Amino acid sequence: MVNRYEGDFPRMNKSSSIAVDGMLFYVKKIDKLFVAYEFKSKIQVNESFDRDKLFDWLRANIVEIKRRISEANSNI
């Protein structure tokens, strides 16, 4: 099961987005949880209660993220 962001992303800014290795991620705060979505596919990548830790995780796991997004897109 793949969670996708529904609708259009709001305007991106420095606190709600991050670019890692050519990929752009949108981060939305839902209650106390930060949820990261890959911008192009709108696929949810991960979530965390700490935005900076989420950004660090995205940087450290970019190869695995790319693999999972590619796999999810091929299964559509």
# chains A, B, ... in the order shown; residues from 1 in each chain; ligands from 1
>>> select_by_dssp(residues="chain A", states="strand (DSSP E or B)", output="list in words")
Arg4, Ser17, Ile18, Ala19, Val20, Met23, Leu24, Phe25, Tyr26, Val27, Lys28, Lys29, Ile30, Leu33, Phe34, Val35, Ala36, Tyr37, Glu38, Ile43, Gln44, Val45, Asn46, Glu47 and Ser48 of chain A
>>> atom_distance(atom1="atom CA of A:Glu38", atom2="atom CA of A:Phe25")
4.5 Å
>>> select_by_dssp(residues="chain A", states="alpha helix (DSSP H)", output="list in words")
Arg51, Asp52, Lys53, Leu54, Phe55, Asp56, Trp57, Leu58, Arg59, Ala60, Ile62, Val63, Glu64, Ile65, Lys66, Arg67, Arg68, Ile69, Ser70, Glu71, Ala72, Asn73 and Ser74 of chain A
>>> atom_distance(atom1="atom CA of A:Asn75", atom2="atom CA of A:Leu24")
21.6 Å
>>> closest_atom_pairs(of="stretch 10-35 of chain A", to="stretch 43-67 of chain A", cutoff="8 Å", atoms="only C-alpha atoms", output="CSV")
residue,atom,partner,partner_atom,distance
A:Ile18,CA,A:Phe55,CA,7.3
A:Val20,CA,A:Arg59,CA,6.1
A:Asp21,CA,A:Ile62,CA,7.3
A:Lys32,CA,A:Phe49,CA,6.2
A:Leu33,CA,A:Phe49,CA,4.7
A:Phe34,CA,A:Ser48,CA,5.3
A:Val35,CA,A:Glu47,CA,4.3
>>> atom_distance(atom1="atom CA of A:Asp31", atom2="atom CA of A:Ala19")
23.6 Å
>>> residues_around(residues="stretch 1-11 of chain A", least_positions_apart="4", cutoff="10 Å", atoms="only C-alpha atoms", output="count of residues only")
17
